[in-house]
Each structure stands twice: as C-alpha cells, then as structure tokens.
Amino acid sequence: MKSLLECRLYAFVDAAYLRGRAPGELARELCDGGADLIQLRVKEAPVAEVCRLAEAILPVTQRAGIGLVINDHPAIAKELGAEFCHLGQEDFFEAGWRRVEELAPLGGAVKLGLSSHAPDQAERAVKAGAAYLGVGPVYRTGTKPAARPVTLDYVRWASDHLLIPWFAIGGITLENLDEVLAAGARRVCVVSAILNAPDVVRACQTYRDRLSSAP
Ligand code: TZP
Ligand code: MG
C-alpha cells in the first residue's frame, strides 16, 4: 500500500454524490485516475449501509494498492480491515479520547486521520497520535455547508508548522488549486469537483498531474 508520504490526491466516495452510480465502480474510476487515498463518507445512513458500501469499495482499493479511509466509523474500519478511519475533532476529543491508542474500536491496526480547523486543534491532534490531518474547509463548500472556511491563512500556518502529512480540504477546484499550492499545500482532498465531473477518471488525472508538477 502507498505510504501517506506518497499520497497527494485524496479522493472520496461520498454517498451524497453517488447519483445511482455503483460505489465499487466509482472507487475503481478514482483509482484508475490516480487517486492516492480514498475515503468512504456516508452521512445520515444506517451502519449496515455504510458497511455495504465499504465492502464494495475495499476489494477495489486493495487491488489498486491504495488505502481506504472509513469516515466516522472506527468499528467498521477495524472489522473490514480498512487501513484508516477519519474522525472530526468533535468525534474524537469531545467523545473524551485523548490518544489514538485509547480508541478501542481501532484495535491498534487502523490508523486515524483527524480534521482540524485551527492551529490549536492541529497541535492537539498531532499530540494525540493522528497519522494525518485534514486542514479546512479552506473555502465554503456545498459538501459541508455549515462549516466556516478557515481561509488560506490556516493553510499557510499548516505549511509552516506541521511535520506530519496533512491535506488541504474544502471547496478545492482546478480554479483555486494554484493558490492552495502557493499557500504551501502539497496534498489535497477533492470531493465534489471530482465526483461531479463529467469524466471522473480524467478529473482525477488532471488533479494528480497538477499536484505532481508542484515542487
Ligand atoms: N471536511 C471539511 S470540508 C469537507 C469535509 C468533509 C468537504 C470537502 O468537499 P468538497 O466538495 O471538496 O468541497
Ligand atoms: Mg465525523
């Protein structure tokens, strides 16, 4: 499997953007287009449905040698053998966890990514033992409409201070990618701009090429 250090394009299978597409097929398109890491994000669905989607995607990511991240459900990540789980600050710290090892459902084998929206949150997530951080939302985004943008200032802070892999996220498109890169990001999450593209494979390839030509 690709190490996090090799990962630049982090793409998603987000159930809100499936529009009837099969999750395994969409994951295959993301892999074929050169995504380095894939997250399954399913909001407002029963656990059994999240499991069903994860079971469809995992063989595809495994065949491609790409890590799968299960959002919000550490127990599913562990049970299915996904490489990562992703949690928000509130999911982790407000649930009373302080260290990743304390999160029993992960059982030691699953690595954890944590969201962050400000420097103090990033610092505590690093101390807690997160494998990677999300930095965002950089811009306002329909994928997470209630979230306030952190702006490029926080991306610049992340670039100056973070020593573990981190991904800029939120409203990233081909139009603003250059300014995100100029702020210091080298790894990005792209959800709707890829999943809404007319050709998902090509969209991934375009992001991947732009990211790999950044210094
Ligand atoms: N966390 C912060 S912004 C975001 C998440 C899950 C959504 C990113 O989606 P998009 O469509 O790339 O803006
Ligand atoms: Mg969450």
# chains A, B, ... in the order shown; residues from 1 in each chain; ligands from 1

call {"tool": "residues_around", "arguments": {"residues": "Ala45 (chain A)", "least_positions_apart": "6", "cutoff": "12 Å", "atoms": "only C-alpha atoms", "output": "compact mmCIF listing (two decimals) with N, CA and C atoms, in the first residue's frame"}}
result
# COMPACT_ATOMS: atom_id res chain seq x y z
N ASP A 14 -18.33 9.71 -1.78
CA ASP A 14 -19.26 10.35 -0.84
C ASP A 14 -20.67 9.97 -1.30
N ALA A 15 -21.42 9.29 -0.43
CA ALA A 15 -22.74 8.77 -0.82
C ALA A 15 -23.67 9.87 -1.31
N ALA A 16 -23.43 11.11 -0.89
CA ALA A 16 -24.30 12.21 -1.33
C ALA A 16 -24.14 12.50 -2.82
N CYS A 51 -21.49 -0.22 5.92
CA CYS A 51 -20.77 -1.49 5.75
C CYS A 51 -20.90 -2.00 4.32
N ARG A 52 -22.11 -1.92 3.79
CA ARG A 52 -22.35 -2.43 2.44
C ARG A 52 -21.48 -1.68 1.43
N LEU A 53 -21.44 -0.36 1.58
CA LEU A 53 -20.63 0.43 0.64
C LEU A 53 -19.14 0.12 0.84
N ASP A 72 -15.95 8.34 10.11
CA ASP A 72 -16.91 8.30 11.23
C ASP A 72 -17.09 6.93 11.91
N HIS A 73 -16.60 5.84 11.32
CA HIS A 73 -16.94 4.51 11.85
C HIS A 73 -15.70 3.66 12.12

call {"tool": "residues_near_ligand", "arguments": {"ligand": "ligand 2", "cutoff": "9 Å", "atoms": "only C-alpha atoms and all ligand atoms", "output": "list of chain:residue names"}}
result
A:Arg41, A:Lys43, A:Asn71, A:Asp72, A:His73, A:His86, A:Leu87, A:Gly88, A:Gln89, A:Glu90, A:Asp91, A:Phe92, A:Leu114, A:Ser115

call {"tool": "closest_atom_pairs", "arguments": {"of": "region 10-114 of chain A", "to": "region 166-187 of chain A", "cutoff": "12 Å", "atoms": "only C-alpha atoms", "output": "tab-separated table"}}
result
residue	atom	partner	partner_atom	distance
A:Tyr10	CA	A:Arg187	CA	7.5
A:Ala11	CA	A:Ile169	CA	10.3
A:Phe12	CA	A:Ile169	CA	11.4
A:Ala35	CA	A:Arg187	CA	11.1
A:Asp36	CA	A:Arg187	CA	9.9
A:Leu37	CA	A:Arg187	CA	10.6
A:Gly113	CA	A:Trp166	CA	9.2
A:Leu114	CA	A:Trp166	CA	9.6

call {"tool": "write_last_selection", "arguments": {"atoms": "N, CA and C atoms", "output": "mmCIF file, in the first residue's frame"}}
result
data_model
loop_
_atom_site.group_PDB
_atom_site.id
_atom_site.type_symbol
_atom_site.label_atom_id
_atom_site.label_comp_id
_atom_site.auth_asym_id
_atom_site.auth_seq_id
_atom_site.Cartn_x
_atom_site.Cartn_y
_atom_site.Cartn_z
ATOM 1 N N TYR A 10 -6.212 12.895 -2.476
ATOM 2 C CA TYR A 10 -7.085 12.135 -1.577
ATOM 3 C C TYR A 10 -8.508 12.368 -2.095
ATOM 4 N N ALA A 11 -9.087 11.327 -2.685
ATOM 5 C CA ALA A 11 -10.416 11.446 -3.301
ATOM 6 C C ALA A 11 -11.443 10.687 -2.462
ATOM 7 N N PHE A 12 -12.701 10.947 -2.723
ATOM 8 C CA PHE A 12 -13.760 10.397 -1.878
ATOM 9 C C PHE A 12 -14.810 9.647 -2.688
ATOM 10 N N ALA A 35 -5.938 8.546 -7.944
ATOM 11 C CA ALA A 35 -6.098 8.946 -6.535
ATOM 12 C C ALA A 35 -5.146 8.102 -5.685
ATOM 13 N N ASP A 36 -4.563 8.728 -4.663
ATOM 14 C CA ASP A 36 -3.579 8.032 -3.820
ATOM 15 C C ASP A 36 -4.207 7.457 -2.562
ATOM 16 N N LEU A 37 -5.376 7.950 -2.209
ATOM 17 C CA LEU A 37 -6.050 7.546 -0.975
ATOM 18 C C LEU A 37 -7.536 7.823 -1.217
ATOM 19 N N GLY A 113 -7.006 9.432 10.934
ATOM 20 C CA GLY A 113 -6.861 10.802 10.452
ATOM 21 C C GLY A 113 -7.840 11.683 11.203
ATOM 22 N N LEU A 114 -7.422 12.906 11.519
ATOM 23 C CA LEU A 114 -8.309 13.826 12.238
ATOM 24 C C LEU A 114 -8.454 15.135 11.459
#

call {"tool": "atom_distance", "arguments": {"atom1": "CA of Val191 (chain A)", "atom2": "atom 5 (C, counted along the ligand's line) of ligand 1"}}
result
8.1 Å

call {"tool": "residues_around", "arguments": {"residues": "Ala64 (chain A)", "least_positions_apart": "3", "cutoff": "9 Å", "atoms": "only C-alpha atoms", "output": "PyMOL selection string"}}
result
chain A and resi 1+28+31-32+59-61+67

call {"tool": "closest_residue", "arguments": {"among": "A:Ala197, A:Ile66, A:Leu112, A:Ala27", "to": "Arg8 (chain A)", "atoms": "only C-alpha atoms"}}
result
A:Ile66

call {"tool": "residues_around", "arguments": {"residues": "Ile164 (chain A)", "least_positions_apart": "5", "cutoff": "10 Å", "atoms": "only C-alpha atoms", "output": "list of chain:residue names"}}
result
A:Leu4, A:Leu5, A:Val126, A:Gly129, A:Ala130, A:Ala131, A:Tyr132, A:Leu133, A:Ala158

call {"tool": "decode", "arguments": {"residues": "region 147-184 of chain A", "atoms": "N, CA and C atoms", "output": "PDB file, in the first residue's frame"}}
result
ATOM      1  N   ALA A 147     -20.043  24.526   7.583  1.00  0.00           N
ATOM      2  CA  ALA A 147     -18.689  24.761   8.095  1.00  0.00           C
ATOM      3  C   ALA A 147     -18.133  26.095   7.603  1.00  0.00           C
ATOM      4  N   ARG A 148     -17.540  26.861   8.541  1.00  0.00           N
ATOM      5  CA  ARG A 148     -16.973  28.171   8.196  1.00  0.00           C
ATOM      6  C   ARG A 148     -15.577  27.996   7.589  1.00  0.00           C
ATOM      7  N   PRO A 149     -15.301  28.648   6.463  1.00  0.00           N
ATOM      8  CA  PRO A 149     -13.978  28.484   5.844  1.00  0.00           C
ATOM      9  C   PRO A 149     -12.843  28.964   6.760  1.00  0.00           C
ATOM     10  N   VAL A 150     -11.757  28.227   6.724  1.00  0.00           N
ATOM     11  CA  VAL A 150     -10.598  28.596   7.551  1.00  0.00           C
ATOM     12  C   VAL A 150      -9.657  29.525   6.797  1.00  0.00           C
ATOM     13  N   THR A 151      -9.856  29.664   5.519  1.00  0.00           N
ATOM     14  CA  THR A 151      -9.083  30.511   4.595  1.00  0.00           C
ATOM     15  C   THR A 151      -7.658  29.973   4.384  1.00  0.00           C
ATOM     16  N   LEU A 152      -6.981  30.614   3.445  1.00  0.00           N
ATOM     17  CA  LEU A 152      -5.605  30.189   3.135  1.00  0.00           C
ATOM     18  C   LEU A 152      -4.639  30.506   4.269  1.00  0.00           C
ATOM     19  N   ASP A 153      -5.052  31.377   5.197  1.00  0.00           N
ATOM     20  CA  ASP A 153      -4.161  31.686   6.338  1.00  0.00           C
ATOM     21  C   ASP A 153      -3.846  30.432   7.132  1.00  0.00           C
ATOM     22  N   TYR A 154      -4.865  29.590   7.326  1.00  0.00           N
ATOM     23  CA  TYR A 154      -4.624  28.368   8.105  1.00  0.00           C
ATOM     24  C   TYR A 154      -3.791  27.364   7.288  1.00  0.00           C
ATOM     25  N   VAL A 155      -3.959  27.373   5.973  1.00  0.00           N
ATOM     26  CA  VAL A 155      -3.118  26.512   5.118  1.00  0.00           C
ATOM     27  C   VAL A 155      -1.657  26.947   5.262  1.00  0.00           C
ATOM     28  N   ARG A 156      -1.437  28.264   5.267  1.00  0.00           N
ATOM     29  CA  ARG A 156      -0.052  28.763   5.423  1.00  0.00           C
ATOM     30  C   ARG A 156       0.501  28.372   6.781  1.00  0.00           C
ATOM     31  N   TRP A 157      -0.330  28.467   7.813  1.00  0.00           N
ATOM     32  CA  TRP A 157       0.136  28.052   9.152  1.00  0.00           C
ATOM     33  C   TRP A 157       0.505  26.568   9.108  1.00  0.00           C
ATOM     34  N   ALA A 158      -0.346  25.746   8.511  1.00  0.00           N
ATOM     35  CA  ALA A 158      -0.077  24.306   8.446  1.00  0.00           C
ATOM     36  C   ALA A 158       1.242  24.053   7.720  1.00  0.00           C
ATOM     37  N   SER A 159       1.442  24.756   6.625  1.00  0.00           N
ATOM     38  CA  SER A 159       2.662  24.576   5.841  1.00  0.00           C
ATOM     39  C   SER A 159       3.908  24.941   6.657  1.00  0.00           C
ATOM     40  N   ASP A 160       3.772  25.951   7.508  1.00  0.00           N
ATOM     41  CA  ASP A 160       4.928  26.398   8.305  1.00  0.00           C
ATOM     42  C   ASP A 160       5.164  25.530   9.534  1.00  0.00           C
ATOM     43  N   HIS A 161       4.132  24.849  10.040  1.00  0.00           N
ATOM     44  CA  HIS A 161       4.270  24.215  11.360  1.00  0.00           C
ATOM     45  C   HIS A 161       4.108  22.703  11.394  1.00  0.00           C
ATOM     46  N   LEU A 162       3.363  22.118  10.460  1.00  0.00           N
ATOM     47  CA  LEU A 162       3.037  20.692  10.630  1.00  0.00           C
ATOM     48  C   LEU A 162       4.134  19.785  10.069  1.00  0.00           C
ATOM     49  N   LEU A 163       4.464  18.772  10.837  1.00  0.00           N
ATOM     50  CA  LEU A 163       5.514  17.832  10.440  1.00  0.00           C
ATOM     51  C   LEU A 163       4.953  16.482  10.028  1.00  0.00           C
ATOM     52  N   ILE A 164       3.651  16.258  10.213  1.00  0.00           N
ATOM     53  CA  ILE A 164       3.037  15.006   9.742  1.00  0.00           C
ATOM     54  C   ILE A 164       2.252  15.333   8.459  1.00  0.00           C
ATOM     55  N   PRO A 165       1.937  14.309   7.654  1.00  0.00           N
ATOM     56  CA  PRO A 165       1.191  14.596   6.422  1.00  0.00           C
ATOM     57  C   PRO A 165      -0.145  15.296   6.715  1.00  0.00           C
ATOM     58  N   TRP A 166      -0.473  16.292   5.894  1.00  0.00           N
ATOM     59  CA  TRP A 166      -1.755  16.995   6.051  1.00  0.00           C
ATOM     60  C   TRP A 166      -2.308  17.315   4.667  1.00  0.00           C
ATOM     61  N   PHE A 167      -3.625  17.338   4.614  1.00  0.00           N
ATOM     62  CA  PHE A 167      -4.338  17.525   3.342  1.00  0.00           C
ATOM     63  C   PHE A 167      -5.213  18.768   3.456  1.00  0.00           C
ATOM     64  N   ALA A 168      -5.039  19.711   2.559  1.00  0.00           N
ATOM     65  CA  ALA A 168      -5.980  20.831   2.482  1.00  0.00           C
ATOM     66  C   ALA A 168      -7.298  20.282   1.937  1.00  0.00           C
ATOM     67  N   ILE A 169      -8.399  20.763   2.477  1.00  0.00           N
ATOM     68  CA  ILE A 169      -9.723  20.246   2.087  1.00  0.00           C
ATOM     69  C   ILE A 169     -10.746  21.368   2.112  1.00  0.00           C
ATOM     70  N   GLY A 170     -11.743  21.217   1.232  1.00  0.00           N
ATOM     71  CA  GLY A 170     -12.890  22.110   1.301  1.00  0.00           C
ATOM     72  C   GLY A 170     -12.952  23.096   0.162  1.00  0.00           C
ATOM     73  N   GLY A 171     -13.787  22.802  -0.826  1.00  0.00           N
ATOM     74  CA  GLY A 171     -14.023  23.753  -1.912  1.00  0.00           C
ATOM     75  C   GLY A 171     -12.874  23.834  -2.899  1.00  0.00           C
ATOM     76  N   ILE A 172     -11.997  22.835  -2.893  1.00  0.00           N
ATOM     77  CA  ILE A 172     -10.840  22.894  -3.793  1.00  0.00           C
ATOM     78  C   ILE A 172     -11.261  22.464  -5.205  1.00  0.00           C
ATOM     79  N   THR A 173     -10.892  23.305  -6.166  1.00  0.00           N
ATOM     80  CA  THR A 173     -11.235  23.089  -7.580  1.00  0.00           C
ATOM     81  C   THR A 173      -9.990  23.367  -8.429  1.00  0.00           C
ATOM     82  N   LEU A 174     -10.102  23.078  -9.728  1.00  0.00           N
ATOM     83  CA  LEU A 174      -8.966  23.382 -10.616  1.00  0.00           C
ATOM     84  C   LEU A 174      -8.711  24.886 -10.673  1.00  0.00           C
ATOM     85  N   GLU A 175      -9.755  25.683 -10.389  1.00  0.00           N
ATOM     86  CA  GLU A 175      -9.609  27.143 -10.464  1.00  0.00           C
ATOM     87  C   GLU A 175      -8.800  27.683  -9.285  1.00  0.00           C
ATOM     88  N   ASN A 176      -8.959  27.084  -8.111  1.00  0.00           N
ATOM     89  CA  ASN A 176      -8.240  27.639  -6.951  1.00  0.00           C
ATOM     90  C   ASN A 176      -7.053  26.780  -6.516  1.00  0.00           C
ATOM     91  N   LEU A 177      -6.812  25.670  -7.199  1.00  0.00           N
ATOM     92  CA  LEU A 177      -5.749  24.764  -6.768  1.00  0.00           C
ATOM     93  C   LEU A 177      -4.387  25.470  -6.692  1.00  0.00           C
ATOM     94  N   ASP A 178      -4.103  26.355  -7.658  1.00  0.00           N
ATOM     95  CA  ASP A 178      -2.789  27.008  -7.648  1.00  0.00           C
ATOM     96  C   ASP A 178      -2.582  27.844  -6.397  1.00  0.00           C
ATOM     97  N   GLU A 179      -3.656  28.520  -5.934  1.00  0.00           N
ATOM     98  CA  GLU A 179      -3.442  29.349  -4.742  1.00  0.00           C
ATOM     99  C   GLU A 179      -3.328  28.492  -3.485  1.00  0.00           C
ATOM    100  N   VAL A 180      -3.969  27.317  -3.496  1.00  0.00           N
ATOM    101  CA  VAL A 180      -3.816  26.387  -2.365  1.00  0.00           C
ATOM    102  C   VAL A 180      -2.377  25.857  -2.335  1.00  0.00           C
ATOM    103  N   LEU A 181      -1.857  25.547  -3.523  1.00  0.00           N
ATOM    104  CA  LEU A 181      -0.461  25.084  -3.612  1.00  0.00           C
ATOM    105  C   LEU A 181       0.492  26.215  -3.220  1.00  0.00           C
ATOM    106  N   ALA A 182       0.175  27.434  -3.662  1.00  0.00           N
ATOM    107  CA  ALA A 182       1.049  28.569  -3.326  1.00  0.00           C
ATOM    108  C   ALA A 182       1.057  28.834  -1.825  1.00  0.00           C
ATOM    109  N   ALA A 183      -0.020  28.466  -1.148  1.00  0.00           N
ATOM    110  CA  ALA A 183      -0.072  28.638   0.319  1.00  0.00           C
ATOM    111  C   ALA A 183       0.709  27.534   1.033  1.00  0.00           C
ATOM    112  N   GLY A 184       1.208  26.564   0.275  1.00  0.00           N
ATOM    113  CA  GLY A 184       2.079  25.562   0.882  1.00  0.00           C
ATOM    114  C   GLY A 184       1.532  24.151   0.907  1.00  0.00           C
TER     115      GLY A 184
END
